[in-house]
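A.B. asks: Supplied structure: coords21.cif, mmCIF, C-alpha atoms; chains and numbers go by the auth columns.
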data_run
#
loop_
_atom_site.group_PDB
_atom_site.id
_atom_site.type_symbol
_atom_site.label_atom_id
_atom_site.label_comp_id
_atom_site.label_asym_id
_atom_site.label_seq_id
_atom_site.Cartn_x
_atom_site.Cartn_y
_atom_site.Cartn_z
_atom_site.B_iso_or_equiv
_atom_site.auth_seq_id
_atom_site.auth_asym_id
ATOM 1 C CA MET A 1 -5.005 24.228 6.464 0.00 1 F
ATOM 2 C CA ASP A 2 -3.065 26.316 3.968 0.00 2 F
ATOM 3 C CA ILE A 3 -3.711 25.081 0.450 0.00 3 F
ATOM 4 C CA LEU A 4 -0.008 25.668 -0.270 0.00 4 F
ATOM 5 C CA ASP A 5 0.675 22.590 1.869 0.00 5 F
ATOM 6 C CA ASN A 6 -0.817 20.497 -0.948 0.00 6 F
ATOM 7 C CA HIS A 7 1.335 19.808 -3.993 0.00 7 F
ATOM 8 C CA SER A 8 2.415 17.080 -6.371 0.00 8 F
ATOM 9 C CA GLY A 9 5.500 16.234 -8.371 0.00 9 F
ATOM 10 C CA TYR A 10 7.832 13.589 -9.719 0.00 10 F
ATOM 11 C CA SER A 11 10.824 12.078 -7.965 0.00 11 F
ATOM 12 C CA PRO A 12 13.736 10.183 -9.498 0.00 12 F
ATOM 13 C CA ALA A 13 13.726 6.563 -8.300 0.00 13 F
ATOM 14 C CA ASN A 14 16.418 4.173 -9.514 0.00 14 F
ATOM 15 C CA GLY A 15 16.217 5.093 -13.170 0.00 15 F
ATOM 16 C CA ILE A 16 12.530 6.018 -13.463 0.00 16 F
ATOM 17 C CA LYS A 17 10.307 8.782 -12.097 0.00 17 F
ATOM 18 C CA LEU A 18 7.590 8.194 -9.508 0.00 18 F
ATOM 19 C CA TYR A 19 4.620 10.514 -9.085 0.00 19 F
ATOM 20 C CA TYR A 20 3.746 11.748 -5.585 0.00 20 F
ATOM 21 C CA GLU A 21 1.125 13.957 -3.939 0.00 21 F
ATOM 22 C CA ILE A 22 1.552 15.715 -0.591 0.00 22 F
ATOM 23 C CA TYR A 23 -1.324 16.820 1.653 0.00 23 F
ATOM 24 C CA GLY A 24 -1.092 18.734 4.913 0.00 24 F
ATOM 25 C CA SER A 25 1.894 19.316 7.171 0.00 25 F
ATOM 26 C CA GLY A 26 3.414 17.772 10.256 0.00 26 F
ATOM 27 C CA LYS A 27 5.134 14.426 10.763 0.00 27 F
ATOM 28 C CA PRO A 28 5.480 12.566 7.446 0.00 28 F
ATOM 29 C CA LEU A 29 3.244 9.549 6.808 0.00 29 F
ATOM 30 C CA ILE A 30 3.978 7.734 3.524 0.00 30 F
ATOM 31 C CA LEU A 31 0.943 6.039 1.933 0.00 31 F
ATOM 32 C CA ILE A 32 1.545 3.050 -0.375 0.00 32 F
ATOM 33 C CA HIS A 33 -1.341 1.715 -2.490 0.00 33 F
ATOM 34 C CA GLY A 34 -2.259 -1.842 -3.432 0.00 34 F
ATOM 35 C CA GLY A 35 -1.779 -3.740 -6.679 0.00 35 F
ATOM 36 C CA GLY A 36 -3.443 -2.287 -9.762 0.00 36 F
ATOM 37 C CA SER A 37 -4.339 0.936 -7.962 0.00 37 F
ATOM 38 C CA SER A 38 -2.843 4.372 -7.238 0.00 38 F
ATOM 39 C CA GLY A 39 -2.088 6.496 -4.203 0.00 39 F
ATOM 40 C CA PHE A 40 -5.136 8.737 -4.036 0.00 40 F
ATOM 41 C CA PHE A 41 -7.541 5.989 -5.158 0.00 41 F
ATOM 42 C CA ASP A 42 -6.731 3.828 -2.119 0.00 42 F
ATOM 43 C CA PHE A 43 -6.167 6.607 0.407 0.00 43 F
ATOM 44 C CA GLU A 44 -8.717 9.332 -0.386 0.00 44 F
ATOM 45 C CA GLU A 45 -10.669 8.580 2.806 0.00 45 F
ATOM 46 C CA THR A 46 -7.447 8.521 4.842 0.00 46 F
ATOM 47 C CA VAL A 47 -6.441 11.904 3.408 0.00 47 F
ATOM 48 C CA LYS A 48 -9.823 13.392 4.372 0.00 48 F
ATOM 49 C CA ARG A 49 -9.410 12.203 7.948 0.00 49 F
ATOM 50 C CA LEU A 50 -5.682 12.750 8.608 0.00 50 F
ATOM 51 C CA GLN A 51 -4.530 15.702 6.458 0.00 51 F
ATOM 52 C CA ASN A 52 -4.939 18.132 9.346 0.00 52 F
ATOM 53 C CA GLN A 53 -2.590 16.129 11.602 0.00 53 F
ATOM 54 C CA TYR A 54 0.143 14.803 9.301 0.00 54 F
ATOM 55 C CA GLN A 55 2.108 15.465 6.152 0.00 55 F
ATOM 56 C CA LEU A 56 0.607 12.739 3.972 0.00 56 F
ATOM 57 C CA ILE A 57 2.783 11.657 1.049 0.00 57 F
ATOM 58 C CA LEU A 58 1.002 9.443 -1.483 0.00 58 F
ATOM 59 C CA LEU A 59 3.116 7.580 -4.041 0.00 59 F
ATOM 60 C CA ASP A 60 2.152 5.931 -7.307 0.00 60 F
ATOM 61 C CA MET A 61 4.502 2.943 -7.456 0.00 61 F
ATOM 62 C CA GLN A 62 6.278 1.702 -10.609 0.00 62 F
ATOM 63 C CA ASN A 63 3.869 0.830 -13.456 0.00 63 F
ATOM 64 C CA HIS A 64 0.944 2.439 -11.584 0.00 64 F
ATOM 65 C CA GLY A 65 -0.991 5.685 -11.780 0.00 65 F
ATOM 66 C CA ARG A 66 1.039 8.562 -13.181 0.00 66 F
ATOM 67 C CA SER A 67 4.423 6.936 -12.540 0.00 67 F
ATOM 68 C CA ALA A 68 6.830 5.576 -15.139 0.00 68 F
ATOM 69 C CA HIS A 69 7.040 1.930 -16.187 0.00 69 F
ATOM 70 C CA ARG A 70 9.687 -0.762 -16.148 0.00 70 F
ATOM 71 C CA LYS A 71 9.738 -3.792 -18.443 0.00 71 F
ATOM 72 C CA VAL A 72 11.509 -5.998 -15.873 0.00 72 F
ATOM 73 C CA PRO A 73 9.529 -8.038 -13.303 0.00 73 F
ATOM 74 C CA GLU A 74 8.212 -6.151 -10.265 0.00 74 F
ATOM 75 C CA THR A 75 9.611 -7.049 -6.850 0.00 75 F
ATOM 76 C CA PHE A 76 8.713 -5.844 -3.377 0.00 76 F
ATOM 77 C CA GLU A 77 12.417 -5.163 -2.811 0.00 77 F
ATOM 78 C CA GLN A 78 12.490 -2.828 -5.824 0.00 78 F
ATOM 79 C CA ASP A 79 9.425 -0.983 -4.540 0.00 79 F
ATOM 80 C CA ALA A 80 11.080 -0.593 -1.131 0.00 80 F
ATOM 81 C CA GLU A 81 14.232 0.802 -2.782 0.00 81 F
ATOM 82 C CA ASP A 82 12.112 3.180 -4.889 0.00 82 F
ATOM 83 C CA ILE A 83 10.360 4.508 -1.776 0.00 83 F
ATOM 84 C CA VAL A 84 13.723 5.175 -0.117 0.00 84 F
ATOM 85 C CA ALA A 85 14.818 7.061 -3.256 0.00 85 F
ATOM 86 C CA VAL A 86 11.723 9.280 -2.980 0.00 86 F
ATOM 87 C CA LEU A 87 12.451 9.895 0.717 0.00 87 F
ATOM 88 C CA ASP A 88 15.973 10.970 -0.255 0.00 88 F
ATOM 89 C CA HIS A 89 14.601 13.278 -2.971 0.00 89 F
ATOM 90 C CA LEU A 90 12.209 14.891 -0.464 0.00 90 F
ATOM 91 C CA ALA A 91 14.973 15.094 2.189 0.00 91 F
ATOM 92 C CA ILE A 92 13.050 12.911 4.661 0.00 92 F
ATOM 93 C CA ASP A 93 15.356 10.902 6.899 0.00 93 F
ATOM 94 C CA LYS A 94 12.674 8.902 8.696 0.00 94 F
ATOM 95 C CA ALA A 95 8.902 8.491 8.345 0.00 95 F
ATOM 96 C CA SER A 96 5.938 6.355 9.279 0.00 96 F
ATOM 97 C CA PHE A 97 4.321 4.214 6.590 0.00 97 F
ATOM 98 C CA PHE A 98 0.746 3.098 5.866 0.00 98 F
ATOM 99 C CA GLY A 99 0.441 0.453 3.158 0.00 99 F
ATOM 100 C CA PHE A 100 -2.559 -1.422 1.781 0.00 100 F
ATOM 101 C CA SER A 101 -2.451 -4.952 0.282 0.00 101 F
ATOM 102 C CA ASN A 102 0.711 -5.164 -1.891 0.00 102 F
ATOM 103 C CA GLY A 103 1.604 -1.791 -0.387 0.00 103 F
ATOM 104 C CA ALA A 104 1.483 -3.346 3.089 0.00 104 F
ATOM 105 C CA THR A 105 3.756 -6.171 1.972 0.00 105 F
ATOM 106 C CA THR A 106 6.097 -3.562 0.471 0.00 106 F
ATOM 107 C CA ILE A 107 6.414 -1.517 3.662 0.00 107 F
ATOM 108 C CA LEU A 108 7.024 -4.625 5.777 0.00 108 F
ATOM 109 C CA LYS A 109 9.822 -5.451 3.334 0.00 109 F
ATOM 110 C CA LEU A 110 11.070 -1.850 3.632 0.00 110 F
ATOM 111 C CA ALA A 111 11.035 -2.005 7.444 0.00 111 F
ATOM 112 C CA SER A 112 13.154 -5.175 7.368 0.00 112 F
ATOM 113 C CA LEU A 113 15.634 -3.834 4.767 0.00 113 F
ATOM 114 C CA PHE A 114 15.891 -0.163 5.852 0.00 114 F
ATOM 115 C CA PRO A 115 15.063 -0.066 9.586 0.00 115 F
ATOM 116 C CA ASN A 116 16.767 3.299 10.101 0.00 116 F
ATOM 117 C CA ARG A 117 14.275 4.984 7.714 0.00 117 F
ATOM 118 C CA VAL A 118 11.151 3.744 9.510 0.00 118 F
ATOM 119 C CA ASP A 119 9.387 5.221 12.531 0.00 119 F
ATOM 120 C CA LYS A 120 6.109 3.210 12.572 0.00 120 F
ATOM 121 C CA VAL A 121 4.355 0.825 10.175 0.00 121 F
ATOM 122 C CA ILE A 122 0.635 0.326 9.494 0.00 122 F
ATOM 123 C CA ALA A 123 0.281 -2.758 7.289 0.00 123 F
ATOM 124 C CA ALA A 124 -3.299 -3.241 6.080 0.00 124 F
ATOM 125 C CA SER A 125 -4.212 -6.554 4.386 0.00 125 F
ATOM 126 C CA GLY A 126 -0.597 -7.478 3.638 0.00 126 F
ATOM 127 C CA ASN A 127 0.941 -10.936 3.641 0.00 127 F
ATOM 128 C CA THR A 128 4.425 -12.416 3.919 0.00 128 F
ATOM 129 C CA LYS A 129 3.825 -16.069 2.910 0.00 129 F
ATOM 130 C CA ARG A 130 2.109 -17.851 0.022 0.00 130 F
ATOM 131 C CA ALA A 131 0.249 -20.001 2.535 0.00 131 F
ATOM 132 C CA GLY A 132 -1.099 -16.816 4.153 0.00 132 F
ATOM 133 C CA LEU A 133 -3.533 -16.158 1.306 0.00 133 F
ATOM 134 C CA LEU A 134 -6.904 -17.863 0.892 0.00 134 F
ATOM 135 C CA ASP A 135 -6.852 -21.385 -0.533 0.00 135 F
ATOM 136 C CA GLY A 136 -7.235 -21.211 -4.306 0.00 136 F
ATOM 137 C CA PHE A 137 -5.857 -17.652 -4.563 0.00 137 F
ATOM 138 C CA PHE A 138 -2.900 -18.555 -6.783 0.00 138 F
ATOM 139 C CA GLU A 139 -4.937 -20.845 -9.011 0.00 139 F
ATOM 140 C CA SER A 140 -7.471 -18.076 -9.657 0.00 140 F
ATOM 141 C CA MET A 141 -4.653 -15.556 -10.276 0.00 141 F
ATOM 142 C CA SER A 142 -3.054 -17.909 -12.806 0.00 142 F
ATOM 143 C CA ALA A 143 -6.382 -18.399 -14.602 0.00 143 F
ATOM 144 C CA SER A 144 -7.253 -14.690 -14.583 0.00 144 F
ATOM 145 C CA THR A 145 -7.006 -12.389 -17.614 0.00 145 F
ATOM 146 C CA ILE A 146 -6.834 -8.629 -18.112 0.00 146 F
ATOM 147 C CA GLU A 147 -10.474 -8.709 -19.280 0.00 147 F
ATOM 148 C CA VAL A 148 -11.729 -9.645 -15.814 0.00 148 F
ATOM 149 C CA MET A 149 -9.705 -7.040 -13.906 0.00 149 F
ATOM 150 C CA PRO A 150 -12.062 -5.060 -11.620 0.00 150 F
ATOM 151 C CA PRO A 151 -13.563 -2.269 -13.787 0.00 151 F
ATOM 152 C CA TYR A 152 -12.951 0.427 -11.161 0.00 152 F
ATOM 153 C CA LEU A 153 -9.199 -0.289 -11.216 0.00 153 F
ATOM 154 C CA LYS A 154 -9.102 -0.233 -15.020 0.00 154 F
ATOM 155 C CA GLU A 155 -11.061 3.045 -15.122 0.00 155 F
ATOM 156 C CA ASN A 156 -8.800 4.621 -12.523 0.00 156 F
ATOM 157 C CA PHE A 157 -5.631 3.603 -14.368 0.00 157 F
ATOM 158 C CA LEU A 158 -6.785 4.837 -17.778 0.00 158 F
ATOM 159 C CA LYS A 159 -8.010 8.105 -16.254 0.00 159 F
ATOM 160 C CA LEU A 160 -4.492 8.763 -14.917 0.00 160 F
ATOM 161 C CA ASN A 161 -2.636 7.221 -17.863 0.00 161 F
ATOM 162 C CA PRO A 162 -4.634 6.611 -21.083 0.00 162 F
ATOM 163 C CA ASP A 163 -1.906 4.421 -22.631 0.00 163 F
ATOM 164 C CA TYR A 164 -3.449 0.945 -22.972 0.00 164 F
ATOM 165 C CA GLU A 165 -0.027 -0.709 -23.418 0.00 165 F
ATOM 166 C CA ASP A 166 1.024 0.739 -20.051 0.00 166 F
ATOM 167 C CA PHE A 167 -2.193 -0.651 -18.577 0.00 167 F
ATOM 168 C CA ARG A 168 -1.361 -4.074 -19.997 0.00 168 F
ATOM 169 C CA ASN A 169 2.191 -3.837 -18.630 0.00 169 F
ATOM 170 C CA MET A 170 0.912 -2.959 -15.142 0.00 170 F
ATOM 171 C CA TYR A 171 -1.544 -5.873 -15.207 0.00 171 F
ATOM 172 C CA GLU A 172 1.083 -8.359 -16.372 0.00 172 F
ATOM 173 C CA LYS A 173 3.755 -7.209 -13.921 0.00 173 F
ATOM 174 C CA ASP A 174 1.337 -7.169 -10.961 0.00 174 F
ATOM 175 C CA SER A 175 -0.152 -10.555 -11.863 0.00 175 F
ATOM 176 C CA GLN A 176 3.220 -12.226 -12.285 0.00 176 F
ATOM 177 C CA ARG A 177 4.516 -10.807 -9.011 0.00 177 F
ATOM 178 C CA MET A 178 1.605 -12.376 -7.159 0.00 178 F
ATOM 179 C CA ILE A 179 1.606 -15.667 -9.089 0.00 179 F
ATOM 180 C CA ASN A 180 5.334 -16.009 -8.319 0.00 180 F
ATOM 181 C CA PHE A 181 5.077 -14.640 -4.765 0.00 181 F
ATOM 182 C CA ARG A 182 8.010 -15.745 -2.618 0.00 182 F
ATOM 183 C CA ASP A 183 7.790 -16.067 1.153 0.00 183 F
ATOM 184 C CA PHE A 184 9.699 -13.510 3.193 0.00 184 F
ATOM 185 C CA GLU A 185 13.079 -14.794 4.355 0.00 185 F
ATOM 186 C CA ALA A 186 13.162 -16.459 7.768 0.00 186 F
ATOM 187 C CA GLY A 187 13.672 -13.849 10.473 0.00 187 F
ATOM 188 C CA ALA A 188 12.507 -10.890 8.347 0.00 188 F
ATOM 189 C CA LEU A 189 9.595 -10.009 10.663 0.00 189 F
ATOM 190 C CA GLU A 190 11.547 -10.888 13.826 0.00 190 F
ATOM 191 C CA ASN A 191 14.103 -8.231 12.836 0.00 191 F
ATOM 192 C CA ILE A 192 11.537 -5.407 12.584 0.00 192 F
ATOM 193 C CA SER A 193 11.884 -3.536 15.875 0.00 193 F
ATOM 194 C CA CYS A 194 9.686 -0.481 15.189 0.00 194 F
ATOM 195 C CA PRO A 195 5.996 -0.429 16.245 0.00 195 F
ATOM 196 C CA VAL A 196 3.822 -2.269 13.705 0.00 196 F
ATOM 197 C CA PHE A 197 0.008 -2.143 13.391 0.00 197 F
ATOM 198 C CA LEU A 198 -1.457 -5.015 11.364 0.00 198 F
ATOM 199 C CA ILE A 199 -5.013 -4.478 10.071 0.00 199 F
ATOM 200 C CA ALA A 200 -7.293 -6.724 8.019 0.00 200 F
ATOM 201 C CA GLY A 201 -10.888 -7.817 7.527 0.00 201 F
ATOM 202 C CA ASP A 202 -12.364 -11.076 8.776 0.00 202 F
ATOM 203 C CA GLN A 203 -13.377 -11.800 5.148 0.00 203 F
ATOM 204 C CA ASP A 204 -10.070 -10.648 3.656 0.00 204 F
ATOM 205 C CA VAL A 205 -7.902 -12.483 1.115 0.00 205 F
ATOM 206 C CA VAL A 206 -5.317 -12.827 3.895 0.00 206 F
ATOM 207 C CA LYS A 207 -6.058 -15.637 6.358 0.00 207 F
ATOM 208 C CA GLY A 208 -6.690 -14.639 9.964 0.00 208 F
ATOM 209 C CA GLU A 209 -4.263 -17.290 11.208 0.00 209 F
ATOM 210 C CA HIS A 210 -1.513 -15.832 9.006 0.00 210 F
ATOM 211 C CA LEU A 211 -2.090 -12.374 10.484 0.00 211 F
ATOM 212 C CA ALA A 212 -1.935 -13.843 13.997 0.00 212 F
ATOM 213 C CA GLU A 213 1.331 -15.567 13.048 0.00 213 F
ATOM 214 C CA MET A 214 2.720 -12.285 11.650 0.00 214 F
ATOM 215 C CA GLN A 215 1.846 -10.512 14.899 0.00 215 F
ATOM 216 C CA LYS A 216 3.530 -13.243 16.923 0.00 216 F
ATOM 217 C CA GLN A 217 6.708 -13.026 14.836 0.00 217 F
ATOM 218 C CA THR A 218 6.970 -9.222 14.875 0.00 218 F
ATOM 219 C CA PRO A 219 8.381 -8.044 18.230 0.00 219 F
ATOM 220 C CA ASN A 220 6.381 -4.810 18.604 0.00 220 F
ATOM 221 C CA ALA A 221 3.154 -5.535 16.709 0.00 221 F
ATOM 222 C CA ARG A 222 -0.561 -5.033 17.337 0.00 222 F
ATOM 223 C CA LEU A 223 -3.326 -6.700 15.313 0.00 223 F
ATOM 224 C CA MET A 224 -6.840 -5.459 14.502 0.00 224 F
ATOM 225 C CA ILE A 225 -9.288 -7.709 12.646 0.00 225 F
ATOM 226 C CA LEU A 226 -12.409 -5.858 11.508 0.00 226 F
ATOM 227 C CA PRO A 227 -15.804 -7.085 10.227 0.00 227 F
ATOM 228 C CA ALA A 228 -14.791 -6.308 6.646 0.00 228 F
ATOM 229 C CA ASN A 229 -13.429 -7.596 3.360 0.00 229 F
ATOM 230 C CA HIS A 230 -10.252 -6.659 1.482 0.00 230 F
ATOM 231 C CA GLY A 231 -10.116 -2.930 2.161 0.00 231 F
ATOM 232 C CA ASN A 232 -13.662 -1.654 2.732 0.00 232 F
ATOM 233 C CA TYR A 233 -12.547 -0.775 6.269 0.00 233 F
ATOM 234 C CA MET A 234 -10.541 2.121 4.762 0.00 234 F
ATOM 235 C CA MET A 235 -12.001 2.830 1.306 0.00 235 F
ATOM 236 C CA LYS A 236 -14.977 2.286 -0.962 0.00 236 F
ATOM 237 C CA GLY A 237 -16.097 -1.351 -1.083 0.00 237 F
ATOM 238 C CA PHE A 238 -16.184 -3.603 -4.177 0.00 238 F
ATOM 239 C CA ASN A 239 -19.850 -2.676 -4.639 0.00 239 F
ATOM 240 C CA GLY A 240 -19.057 1.052 -4.610 0.00 240 F
ATOM 241 C CA GLU A 241 -20.598 1.652 -1.190 0.00 241 F
ATOM 242 C CA PHE A 242 -18.958 3.438 1.747 0.00 242 F
ATOM 243 C CA ASP A 243 -19.192 2.249 5.334 0.00 243 F
ATOM 244 C CA GLU A 244 -18.398 5.651 6.855 0.00 244 F
ATOM 245 C CA GLY A 245 -18.620 4.415 10.450 0.00 245 F
ATOM 246 C CA LEU A 246 -16.216 1.547 9.801 0.00 246 F
ATOM 247 C CA ILE A 247 -13.729 3.791 7.991 0.00 247 F
ATOM 248 C CA ASP A 248 -13.969 6.379 10.785 0.00 248 F
ATOM 249 C CA PHE A 249 -13.186 3.656 13.333 0.00 249 F
ATOM 250 C CA THR A 250 -10.210 2.322 11.355 0.00 250 F
ATOM 251 C CA ILE A 251 -8.604 5.728 10.866 0.00 251 F
ATOM 252 C CA PHE A 252 -9.280 6.643 14.520 0.00 252 F
ATOM 253 C CA GLN A 253 -7.303 3.536 15.532 0.00 253 F
ATOM 254 C CA VAL A 254 -4.555 4.412 13.048 0.00 254 F
ATOM 255 C CA ARG A 255 -4.299 7.886 14.571 0.00 255 F
ATOM 256 C CA LYS A 256 -4.144 6.420 18.086 0.00 256 F
ATOM 257 C CA PHE A 257 -1.349 4.084 17.011 0.00 257 F
ATOM 258 C CA LEU A 258 0.625 6.924 15.431 0.00 258 F
ATOM 259 C CA GLU A 259 0.202 9.172 18.459 0.00 259 F
ATOM 260 C CA ALA A 260 1.141 6.526 21.053 0.00 260 F
ATOM 261 C CA GLN A 261 4.519 7.001 22.694 0.00 261 F
#
Would you mind giving the structure from this file in C-alpha cells?
C.D. replies:
Amino acid sequence: MDILDNHSGYSPANGIKLYYEIYGSGKPLILIHGGGSSGFFDFEETVKRLQNQYQLILLDMQNHGRSAHRKVPETFEQDAEDIVAVLDHLAIDKASFFGFSNGATTILKLASLFPNRVDKVIAASGNTKRAGLLDGFFESMSASTIEVMPPYLKENFLKLNPDYEDFRNMYEKDSQRMINFRDFEAGALENISCPVFLIAGDQDVVKGEHLAEMQKQTPNARLMILPANHGNYMMKGFNGEFDEGLIDFTIFQVRKFLEAQ
C-alpha cells in the first residue's frame, strides 16, 4: 500500500473543526469511536486488518481527541450531522459506517436521518433505549466522577489534547448525554433499509435481549453475540490484554458483511 494513501486533516463541521485520519484506498468505511475515546484508539486493530481493502476514515467526534469543543450539550443527532458535514468536505456521497458504543448509536441515528448517505452499517455495542443497558447503569453513571474515569481513556485524551479543561468538558458532556439518554423515536430502526450488522459481547453493557429486539425491528439486520465484554472483541480489553484470535474473527465477519452482495 502506498504510504501516500495515509493522511490526516481537519474538516469544517457545523461551526467547529473535526479531526480525521485516512488509511488505505478503496470503498470508504467511516469509523466512529465510543464515548471518551478517539478514532485511532478504538479502531487501531481494525485499521491493521482492513487498510488493504478499504479507505478507512477515522473521525474524532466533537469534544474528543484532536477535534474542537462545544459548550452546548452533546446529542447523537449533532454527531450524525457533523459526520455528514465531513462527508461533504471529503466529497463522499455515500459510505459504509462502523461505530463502537456511542459511535454505534450515532451511526444508527445517522442511518435513520440520512438514509441516502449510508451503504452499510456495522453497529458494535450500541443501544437505542434506556432499558437496553444493564440494570444500574444510569445510577452508576450519575454517581460517577471524573476521578474514576478509566485511566487509559484519560491518558489517551491528554496525549492528543493536553488541555485539562477540554478533558473536563468532554467528560461532562459525555456523562450528561448518557445520564439523559433518550430512547430512539418509534419507527427509527424500522425505517433503516440498508444492511445492518449488530455486534456485541455476551458480557457487554448492552443487554442481549435489547440487541435481539433491535435486530427484529431493523428490516435488514444480522446479529453476532461474541464471548466478550464491551469491546474486547475488536480492541484491547480493560485489562490491557489482546485476544488476537477473537479480534481476527470479528474483523473477518465484518469484512464478510461488507463484501456480501
A.B. asks: Give me the residues within 12 Å of Gly208 of chain F as a ChimeraX atom specification, counting all atoms listed in the file and dropping any in the same chain fewer than 2 places off.
C.D. replies: /F:125-127,131-134,198-206,210-215,223-227,229
A.B. asks: Any chance you could work out the residue set of the PyMOL selection byres ((chain F and resi 251) around 10) here, as a list in words?
C.D. replies: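 Selected by the PyMOL selection byres ((chain F and resi 251) around 10) here: Glu45, Thr46, Val47, Arg49, Leu50, Tyr233, Met234, Leu246, Ile247, Asp248, Phe249, Thr250, Phe252, Gln253, Val254, Arg255, Lys256 and Phe257 of chain F.
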A.B. asks: Quick check, in Å to one decimal: how far apart do atom CA of Glu21 of chain F and atom CA of Leu58 of chain F lie?
C.D. replies: 5.1 Å
A.B. asks: Env of Glu77 of chain F: 9 Å cut, atoms = all atoms listed in the file, seq-sep filter 3 positions within chain, self excluded. Answer as an MDAnalysis selection string.
C.D. replies: chainID F and resid 74 80:82 106 109:110 113
A.B. asks: I'd like the residues picked by the PyMOL selection byres ((chain F and resi 60-64) around 10) written out as a PyMOL selection string, using the chain letters and numbers from the file.
C.D. replies: chain F and resi 10+13+16-21+31-41+58-59+65-71+74+78-80+82-83+103+157+160-161+166-171+173-174
A.B. asks: Rank F:Arg130, F:Asn6, F:Asp88, F:Asn232 by their smallest atom-to-atom distance to Asn52 of chain F, using all atoms listed in the file, and report the top residue only.
C.D. replies: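 Smallest separation from Asn52 of chain F among the options: F:Asn6.
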A.B. asks: So which residues get picked by the PyMOL selection byres ((chain F and resi 116) around 10) here, written as a list in words?
C.D. replies: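 What the PyMOL selection byres ((chain F and resi 116) around 10) grabs from the file is Asp93, Lys94, Ala95, Ala111, Ser112, Leu113, Phe114, Pro115, Arg117, Val118, Asp119 and Cys194 of chain F.
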A.B. asks: I'd like the contact shell of Val196 of chain F - 7 Å cut-off, all atoms listed in the file, skipping same-chain residues fewer than 3 positions apart - returned as number ranges by chain.
C.D. replies: F: 120-122, 220-222
A.B. asks: Which residue, F:Ala186, F:Val72, F:Leu29, F:Leu108, has the smallest gap to Gln53 of chain F when you use only C-alpha atoms?
C.D. replies: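 Comparing F:Ala186, F:Val72, F:Leu29, F:Leu108 against Gln53 of chain F, the winner is F:Leu29.
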A.B. asks: Quick one, how far is atom CA of Phe197 of chain F from atom CA of Tyr23 of chain F?
C.D. replies: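 Spanning atom CA of Phe197 of chain F to atom CA of Tyr23 of chain F is a straight-line distance of 22.3 Å.
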A.B. asks: Export N, CA, C and O atoms of segment 207-219 of chain F from the structure just given, as a short mmCIF file (atom, residue, chain, number, x, y, z; two decimals), in the first residue's frame?
C.D. replies:
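What ended up in result.cif:
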data_model
loop_
_atom_site.label_atom_id
_atom_site.label_comp_id
_atom_site.auth_asym_id
_atom_site.auth_seq_id
_atom_site.Cartn_x
_atom_site.Cartn_y
_atom_site.Cartn_z
N LYS F 207 -27.79 -5.12 26.94
CA LYS F 207 -28.44 -6.40 27.21
C LYS F 207 -28.65 -7.19 25.91
O LYS F 207 -29.01 -6.62 24.87
N GLY F 208 -28.45 -8.50 26.01
CA GLY F 208 -28.65 -9.37 24.85
C GLY F 208 -30.06 -9.29 24.30
O GLY F 208 -30.27 -9.29 23.08
N GLU F 209 -31.05 -9.18 25.20
CA GLU F 209 -32.44 -9.12 24.73
C GLU F 209 -32.72 -7.82 23.98
O GLU F 209 -33.56 -7.78 23.07
N HIS F 210 -32.01 -6.73 24.35
CA HIS F 210 -32.18 -5.48 23.62
C HIS F 210 -31.61 -5.61 22.21
O HIS F 210 -32.21 -5.13 21.23
N LEU F 211 -30.46 -6.25 22.09
CA LEU F 211 -29.85 -6.45 20.77
C LEU F 211 -30.76 -7.31 19.89
O LEU F 211 -30.94 -7.03 18.71
N ALA F 212 -31.36 -8.35 20.48
CA ALA F 212 -32.28 -9.20 19.72
C ALA F 212 -33.50 -8.39 19.26
O ALA F 212 -33.98 -8.55 18.13
N GLU F 213 -33.97 -7.49 20.14
CA GLU F 213 -35.10 -6.63 19.79
C GLU F 213 -34.70 -5.67 18.66
O GLU F 213 -35.47 -5.44 17.72
N MET F 214 -33.48 -5.10 18.74
CA MET F 214 -33.00 -4.20 17.68
C MET F 214 -32.94 -4.93 16.35
O MET F 214 -33.35 -4.39 15.31
N GLN F 215 -32.44 -6.18 16.37
CA GLN F 215 -32.37 -6.94 15.13
C GLN F 215 -33.76 -7.18 14.55
O GLN F 215 -33.99 -7.07 13.34
N LYS F 216 -34.70 -7.49 15.43
CA LYS F 216 -36.07 -7.77 14.99
C LYS F 216 -36.71 -6.53 14.37
O LYS F 216 -37.46 -6.62 13.39
N GLN F 217 -36.39 -5.37 14.91
CA GLN F 217 -37.01 -4.12 14.44
C GLN F 217 -36.39 -3.61 13.14
O GLN F 217 -37.04 -2.90 12.38
N THR F 218 -35.12 -3.95 12.91
CA THR F 218 -34.40 -3.43 11.74
C THR F 218 -34.57 -4.40 10.58
O THR F 218 -34.20 -5.56 10.68
N PRO F 219 -35.16 -3.94 9.47
CA PRO F 219 -35.57 -4.86 8.39
C PRO F 219 -34.46 -5.76 7.84
O PRO F 219 -34.71 -6.90 7.51
#
